[in-house]
Amino acid sequence: MSAPSALSINPASRHVSIDVRNPAFYQDPLSAYAALHAHCPAFFWEEQQQWYFAGYDQVNGLLRDRRFGRQILHVATREELGLSEPKPHLKDFDRLESYSLLELEPPAHTRLRTLVNRAFVSRQIEQLRPEIAALAHSIIDGFEKDGEVELLKTYAEIIPVTVIARMLGVPVDMAPELLDWSHRMVRMYMFNPTLETELDANQASAEFSAYLKGIIDWKRDNPADDLLTHMITTEKDGERLSDDELISTAVLLLNAGHEATVHQLGNAVRVLLETGTHAEQAFADDTATERTIEECMRYAAPLHIFQRYALSDIEIADGIQLKKGDKIGLLLAAANVDSTKFSDALTFRPDRNEGPHVSFGAGLHFCIGAPLARLELKLSLPILFERLPNLRLKSEPQVKDSYHFHGLERLELAW
């Protein structure tokens, strides 16, 4: 298989060059992944100067491998690893990261996740079904008569941010501010953010933290039946979460609770329409709906990279030598289109039933919000296509000029 124009592969050395700013890559990364699978699913990415893994078994295994972690400074110093000092202009952003459930390892991770997990188990999430369905219908009521809509801002963003805000106990009328803070912060996860991006993300982090600190202080005197009150009042081993832990966890849940779902919902609608999938078949019953949603997440995953540190000197598959502190990149979306795991992997098949994708990760850091994301998709997609049976693309979807999060800038529909 020939490589796309944005991709250069040296199979002998397993060195790869990828221009992530080239539209040929970010508009269609699956073609690049197919070339990587064909030539070297484990490769050294020249621009990023680290090893990346694209094979399903590799990614699934490394996600679960306890020789790797999301943090490294609990087992080594900056001096030992040759890491630069934190940037002073990112102190507010870094403060949130340092207490983030996503970035911690046991025992801190275990303590935080135990306190939060109860709200996200499937039986708890299933109780939200009537509320999510009613929300989807009410939003469509507002634009159905127009005959056209930009779906991301009007529908895809509103559902997940409203649901997670209600769960946490944050005023829903703050949704525009929550979305703005979140969008500005997640730009930090792109490759090589600019100084302007860093300054803006830090400012958003400071504003977000200050707002949540006020909410937390108020809830201590005015407890309610919500997740934030639960996190404030619940003890584990005689300890409660500190303000820093509470704020960071709330930020993570608000950001993760909608960013990926927004992209996944937009990606799914695009794929269903572009492939001419018949909605009445794709959503015919619970089994068909579940398989369609899982295939959308496999084929059009919103998050493409998850990174981890080697916690010691390690030799892994194919003789790759890693030193303590080396980072590796796991290409979740590439693993999802590995033909050794999925037949006809580059084809969207709504009825596919060939085992799990890795869009939610695996192992210790498996996405805590997976049951919520799945329920939001299982309700919002069928309702959209049922209410608007003649749904079609009004214009070519605009793909985001980014890579870590793969999604759309605009999705204009008509009916």
# chains A, B, ... in the order shown; residues from 1 in each chain; ligands from 1

$ residues_around --residues "Thr261 of chain A" --least-positions-apart "3" --cutoff "12 Å" --atoms "only C-alpha atoms" --output "mmCIF file with N, CA and C atoms, in the first residue's frame"
data_model
loop_
_atom_site.group_PDB
_atom_site.id
_atom_site.type_symbol
_atom_site.label_atom_id
_atom_site.label_comp_id
_atom_site.auth_asym_id
_atom_site.auth_seq_id
_atom_site.Cartn_x
_atom_site.Cartn_y
_atom_site.Cartn_z
ATOM 1 N N LEU A 152 -23.478 20.932 15.433
ATOM 2 C CA LEU A 152 -22.546 20.871 16.552
ATOM 3 C C LEU A 152 -22.922 21.847 17.658
ATOM 4 N N TYR A 155 -26.907 21.162 18.840
ATOM 5 C CA TYR A 155 -27.377 19.874 19.370
ATOM 6 C C TYR A 155 -26.250 19.095 20.054
ATOM 7 N N ALA A 156 -25.171 18.858 19.311
ATOM 8 C CA ALA A 156 -24.107 17.988 19.818
ATOM 9 C C ALA A 156 -23.425 18.551 21.060
ATOM 10 N N GLU A 157 -23.261 19.864 21.133
ATOM 11 C CA GLU A 157 -22.643 20.460 22.317
ATOM 12 C C GLU A 157 -23.609 20.541 23.490
ATOM 13 N N ILE A 158 -24.848 20.834 23.215
ATOM 14 C CA ILE A 158 -25.811 21.140 24.272
ATOM 15 C C ILE A 158 -26.135 19.913 25.120
ATOM 16 N N ILE A 159 -26.330 18.766 24.488
ATOM 17 C CA ILE A 159 -26.744 17.578 25.249
ATOM 18 C C ILE A 159 -25.701 17.165 26.291
ATOM 19 N N PRO A 160 -24.458 16.886 25.916
ATOM 20 C CA PRO A 160 -23.517 16.404 26.939
ATOM 21 C C PRO A 160 -23.166 17.436 28.004
ATOM 22 N N VAL A 161 -23.025 18.719 27.642
ATOM 23 C CA VAL A 161 -22.658 19.706 28.665
ATOM 24 C C VAL A 161 -23.811 19.924 29.635
ATOM 25 N N VAL A 163 -26.097 17.616 30.483
ATOM 26 C CA VAL A 163 -26.212 16.423 31.320
ATOM 27 C C VAL A 163 -25.138 16.407 32.405
ATOM 28 N N ILE A 164 -23.885 16.670 32.042
ATOM 29 C CA ILE A 164 -22.815 16.586 33.040
ATOM 30 C C ILE A 164 -22.923 17.736 34.043
ATOM 31 N N LEU A 254 -16.280 17.783 33.776
ATOM 32 C CA LEU A 254 -16.989 18.698 32.883
ATOM 33 C C LEU A 254 -16.362 18.691 31.487
ATOM 34 N N ASN A 255 -15.025 18.722 31.431
ATOM 35 C CA ASN A 255 -14.357 18.739 30.127
ATOM 36 C C ASN A 255 -14.512 17.398 29.405
ATOM 37 N N ALA A 256 -14.120 16.318 30.092
ATOM 38 C CA ALA A 256 -14.200 15.003 29.474
ATOM 39 C C ALA A 256 -15.651 14.590 29.244
ATOM 40 N N GLY A 257 -16.556 15.129 30.074
ATOM 41 C CA GLY A 257 -17.961 14.765 29.976
ATOM 42 C C GLY A 257 -18.653 15.291 28.739
ATOM 43 N N HIS A 258 -18.001 16.203 28.033
ATOM 44 C CA HIS A 258 -18.663 16.655 26.807
ATOM 45 C C HIS A 258 -17.736 16.761 25.603
ATOM 46 N N GLN A 264 -17.750 12.850 18.970
ATOM 47 C CA GLN A 264 -18.258 11.544 18.565
ATOM 48 C C GLN A 264 -19.638 11.645 17.944
ATOM 49 N N LEU A 265 -20.484 12.486 18.505
ATOM 50 C CA LEU A 265 -21.825 12.656 17.954
ATOM 51 C C LEU A 265 -21.758 13.251 16.552
ATOM 52 N N GLY A 266 -20.938 14.287 16.370
ATOM 53 C CA GLY A 266 -20.775 14.879 15.041
ATOM 54 C C GLY A 266 -20.183 13.896 14.051
ATOM 55 N N ASN A 267 -19.135 13.185 14.469
ATOM 56 C CA ASN A 267 -18.508 12.194 13.589
ATOM 57 C C ASN A 267 -19.501 11.107 13.188
ATOM 58 N N ALA A 268 -20.321 10.668 14.136
ATOM 59 C CA ALA A 268 -21.272 9.594 13.862
ATOM 60 C C ALA A 268 -22.321 10.028 12.850
ATOM 61 N N ILE A 293 -23.801 2.156 17.373
ATOM 62 C CA ILE A 293 -23.051 3.117 18.193
ATOM 63 C C ILE A 293 -21.611 2.649 18.363
ATOM 64 N N CYS A 296 -19.717 3.221 15.197
ATOM 65 C CA CYS A 296 -19.387 4.653 15.037
ATOM 66 C C CYS A 296 -18.165 5.010 15.871
ATOM 67 N N MET A 297 -18.095 4.490 17.083
ATOM 68 C CA MET A 297 -16.964 4.799 17.951
ATOM 69 C C MET A 297 -15.684 4.112 17.471
ATOM 70 N N ALA A 300 -14.949 6.062 13.771
ATOM 71 C CA ALA A 300 -14.795 7.526 13.783
ATOM 72 C C ALA A 300 -14.539 8.019 15.190
ATOM 73 N N ALA A 301 -13.508 7.479 15.808
ATOM 74 C CA ALA A 301 -13.181 7.820 17.197
ATOM 75 C C ALA A 301 -12.805 9.299 17.325
ATOM 76 N N PRO A 302 -13.217 9.942 18.418
ATOM 77 C CA PRO A 302 -12.881 11.361 18.602
ATOM 78 C C PRO A 302 -11.487 11.598 19.171
ATOM 79 N N LEU A 303 -10.975 10.668 19.971
ATOM 80 C CA LEU A 303 -9.659 10.830 20.588
ATOM 81 C C LEU A 303 -8.708 9.819 19.952
ATOM 82 N N SER A 359 -11.619 2.935 21.902
ATOM 83 C CA SER A 359 -11.846 4.384 21.928
ATOM 84 C C SER A 359 -11.966 4.931 23.346
ATOM 85 N N PHE A 360 -12.392 4.089 24.292
ATOM 86 C CA PHE A 360 -12.472 4.509 25.693
ATOM 87 C C PHE A 360 -11.207 4.148 26.479
ATOM 88 N N CYS A 367 -12.028 4.932 30.429
ATOM 89 C CA CYS A 367 -12.861 6.130 30.611
ATOM 90 C C CYS A 367 -13.988 5.892 31.607
ATOM 91 N N GLY A 369 -16.410 7.768 32.211
ATOM 92 C CA GLY A 369 -17.685 8.235 31.680
ATOM 93 C C GLY A 369 -18.230 7.419 30.527
ATOM 94 N N ALA A 370 -17.639 6.249 30.240
ATOM 95 C CA ALA A 370 -18.083 5.447 29.097
ATOM 96 C C ALA A 370 -19.577 5.110 29.139
ATOM 97 N N PRO A 371 -20.128 4.678 30.282
ATOM 98 C CA PRO A 371 -21.575 4.393 30.295
ATOM 99 C C PRO A 371 -22.428 5.610 29.958
ATOM 100 N N LEU A 372 -22.006 6.785 30.427
ATOM 101 C CA LEU A 372 -22.761 8.011 30.133
ATOM 102 C C LEU A 372 -22.659 8.362 28.655
ATOM 103 N N ALA A 373 -21.452 8.316 28.093
ATOM 104 C CA ALA A 373 -21.277 8.635 26.676
ATOM 105 C C ALA A 373 -22.087 7.694 25.802
ATOM 106 N N ARG A 374 -22.058 6.411 26.129
ATOM 107 C CA ARG A 374 -22.815 5.438 25.331
ATOM 108 C C ARG A 374 -24.313 5.730 25.391
ATOM 109 N N LEU A 375 -24.828 6.044 26.580
ATOM 110 C CA LEU A 375 -26.261 6.310 26.696
ATOM 111 C C LEU A 375 -26.639 7.578 25.939
ATOM 112 N N GLU A 376 -25.826 8.607 26.025
ATOM 113 C CA GLU A 376 -26.122 9.845 25.293
ATOM 114 C C GLU A 376 -26.179 9.584 23.789
ATOM 115 N N LEU A 377 -25.258 8.756 23.277
ATOM 116 C CA LEU A 377 -25.255 8.443 21.845
ATOM 117 C C LEU A 377 -26.427 7.543 21.470
ATOM 118 N N LYS A 378 -26.736 6.567 22.325
ATOM 119 C CA LYS A 378 -27.836 5.647 22.037
ATOM 120 C C LYS A 378 -29.180 6.359 21.970
ATOM 121 N N SER A 380 -29.472 10.148 21.606
ATOM 122 C CA SER A 380 -29.461 11.358 20.768
ATOM 123 C C SER A 380 -29.419 11.042 19.279
ATOM 124 N N LEU A 381 -28.734 9.982 18.877
ATOM 125 C CA LEU A 381 -28.665 9.655 17.447
ATOM 126 C C LEU A 381 -29.986 9.102 16.907
ATOM 127 N N PHE A 405 -7.681 15.469 19.092
ATOM 128 C CA PHE A 405 -9.130 15.313 19.024
ATOM 129 C C PHE A 405 -9.531 15.422 17.564
ATOM 130 N N HIS A 406 -10.160 14.375 17.057
ATOM 131 C CA HIS A 406 -10.536 14.366 15.647
ATOM 132 C C HIS A 406 -12.040 14.584 15.555
ATOM 133 N N GLY A 407 -12.415 15.723 15.006
ATOM 134 C CA GLY A 407 -13.834 16.039 14.903
ATOM 135 C C GLY A 407 -14.066 17.132 13.892
#

$ closest_atom_pairs --of "segment 69-155 of chain A" --to "segment 221-234 of chain A" --cutoff "12 Å" --atoms "only C-alpha atoms" --output "JSON lines"
{"residue": "A:Arg111", "atom": "CA", "partner": "A:Thr234", "partner_atom": "CA", "distance": 11.3}
{"residue": "A:Leu112", "atom": "CA", "partner": "A:Met231", "partner_atom": "CA", "distance": 9.2}
{"residue": "A:Arg113", "atom": "CA", "partner": "A:Met231", "partner_atom": "CA", "distance": 10.6}
{"residue": "A:Thr114", "atom": "CA", "partner": "A:Met231", "partner_atom": "CA", "distance": 10.2}
{"residue": "A:Leu115", "atom": "CA", "partner": "A:Met231", "partner_atom": "CA", "distance": 6.5}
{"residue": "A:Val116", "atom": "CA", "partner": "A:Met231", "partner_atom": "CA", "distance": 7.0}
{"residue": "A:Asn117", "atom": "CA", "partner": "A:Leu227", "partner_atom": "CA", "distance": 10.2}
{"residue": "A:Arg118", "atom": "CA", "partner": "A:Leu227", "partner_atom": "CA", "distance": 9.4}
{"residue": "A:Ala119", "atom": "CA", "partner": "A:Leu227", "partner_atom": "CA", "distance": 6.9}
{"residue": "A:Phe120", "atom": "CA", "partner": "A:Leu227", "partner_atom": "CA", "distance": 9.9}
{"residue": "A:Gln124", "atom": "CA", "partner": "A:Leu227", "partner_atom": "CA", "distance": 11.7}

$ write_last_selection --atoms "C-alpha atoms" --output "PDB file, in the first residue's frame"
ATOM      1  CA  ARG A 111      -8.810   7.044  46.124  1.00  0.00           C
ATOM      2  CA  LEU A 112     -10.181   9.644  43.697  1.00  0.00           C
ATOM      3  CA  ARG A 113     -11.751   7.167  41.296  1.00  0.00           C
ATOM      4  CA  THR A 114     -13.499   5.298  44.100  1.00  0.00           C
ATOM      5  CA  LEU A 115     -15.184   8.506  45.243  1.00  0.00           C
ATOM      6  CA  VAL A 116     -16.368   9.395  41.748  1.00  0.00           C
ATOM      7  CA  ASN A 117     -17.085   5.966  40.284  1.00  0.00           C
ATOM      8  CA  ARG A 118     -20.403   5.382  42.070  1.00  0.00           C
ATOM      9  CA  ALA A 119     -22.091   8.097  40.013  1.00  0.00           C
ATOM     10  CA  PHE A 120     -20.922   6.608  36.700  1.00  0.00           C
ATOM     11  CA  GLN A 124     -26.890   4.900  37.946  1.00  0.00           C
TER      12      GLN A 124
END

$ select_by_dssp --residues "segment 80-254 of chain A" --states "alpha helix (DSSP H)" --output "VMD selection string"
chain A and resid 80 to 81 91 to 98 108 to 117 122 to 125 129 to 143 151 158 to 168 175 to 186 195 to 221 227 to 233 243 to 254

$ residues_around --residues "Gly276 of chain A" --least-positions-apart "3" --cutoff "12 Å" --atoms "only C-alpha atoms" --output "ChimeraX atom specification"
/A:269-273,279-282,348-350,390-393

$ atom_distance --atom1 "atom CA of Val170 of chain A" --atom2 "atom CA of Ser242 of chain A"
18.6 Å

$ closest_residue --among "A:Glu315, A:Asp146, A:His183, A:Ser100" --to "Leu246 of chain A" --atoms "only C-alpha atoms"
A:Ser100

$ select_by_dssp --residues "segment 229-311 of chain A" --states "strand (DSSP E)" --output "MDAnalysis selection string"
chainID A and resid 305:310

$ residues_around --residues "His39 of chain A" --least-positions-apart "4" --cutoff "12 Å" --atoms "only C-alpha atoms" --output "list in words"
Met1, Ser2, Ala3, Leu7, Ser8, Ile9, Asn10, Pro11, Ala12, Ser13, Arg14, His15, Val16, Ala32, Tyr33, Ala34, Ala35, Phe43, Ala54 and Gly55 of chain A

$ atom_distance --atom1 "atom CA of Arg187 of chain A" --atom2 "atom CA of Asp200 of chain A"
9.3 Å

$ residues_around --residues "Glu396 of chain A" --least-positions-apart "4" --cutoff "10 Å" --atoms "only C-alpha atoms" --output "list in words"
Arg270, Arg410, Leu411, Glu412 and Leu413 of chain A

$ closest_residue --among "A:Gln127, A:Ser248, A:Thr77, A:Ser312" --to "Ala210 of chain A" --atoms "only C-alpha atoms"
A:Ser248

$ closest_atom_pairs --of "segment 35-58 of chain A" --to "segment 17-31 of chain A" --cutoff "7 Å" --atoms "only C-alpha atoms" --output "JSON lines"
{"residue": "A:Ala35", "atom": "CA", "partner": "A:Ser31", "partner_atom": "CA", "distance": 6.5}
{"residue": "A:Trp45", "atom": "CA", "partner": "A:Ser17", "partner_atom": "CA", "distance": 5.9}
{"residue": "A:Glu46", "atom": "CA", "partner": "A:Ser17", "partner_atom": "CA", "distance": 5.4}
{"residue": "A:Glu47", "atom": "CA", "partner": "A:Ser17", "partner_atom": "CA", "distance": 6.4}

$ atom_distance --atom1 "atom CA of Leu62 of chain A" --atom2 "atom CA of Lys327 of chain A"
12.0 Å

$ closest_residue --among "A:Glu148, A:Asp286, A:Asp94, A:Glu103" --to "Asn202 of chain A" --atoms "only C-alpha atoms"
A:Asp94

$ residues_around --residues "Lys91 of chain A" --least-positions-apart "3" --cutoff "12 Å" --atoms "only C-alpha atoms" --output "list in words"
Glu85, Pro86, Lys87, Pro88, Asp94, Arg95, Leu96, Glu97, Ser98, Glu198, Leu199, Ala201, Asn202, Gln203, Ala204, Ser205 and Ala206 of chain A

$ residues_around --residues "Met188 of chain A" --least-positions-apart "4" --cutoff "9 Å" --atoms "only C-alpha atoms" --output "VMD selection string"
chain A and resid 184 192 to 194 197 to 198 201
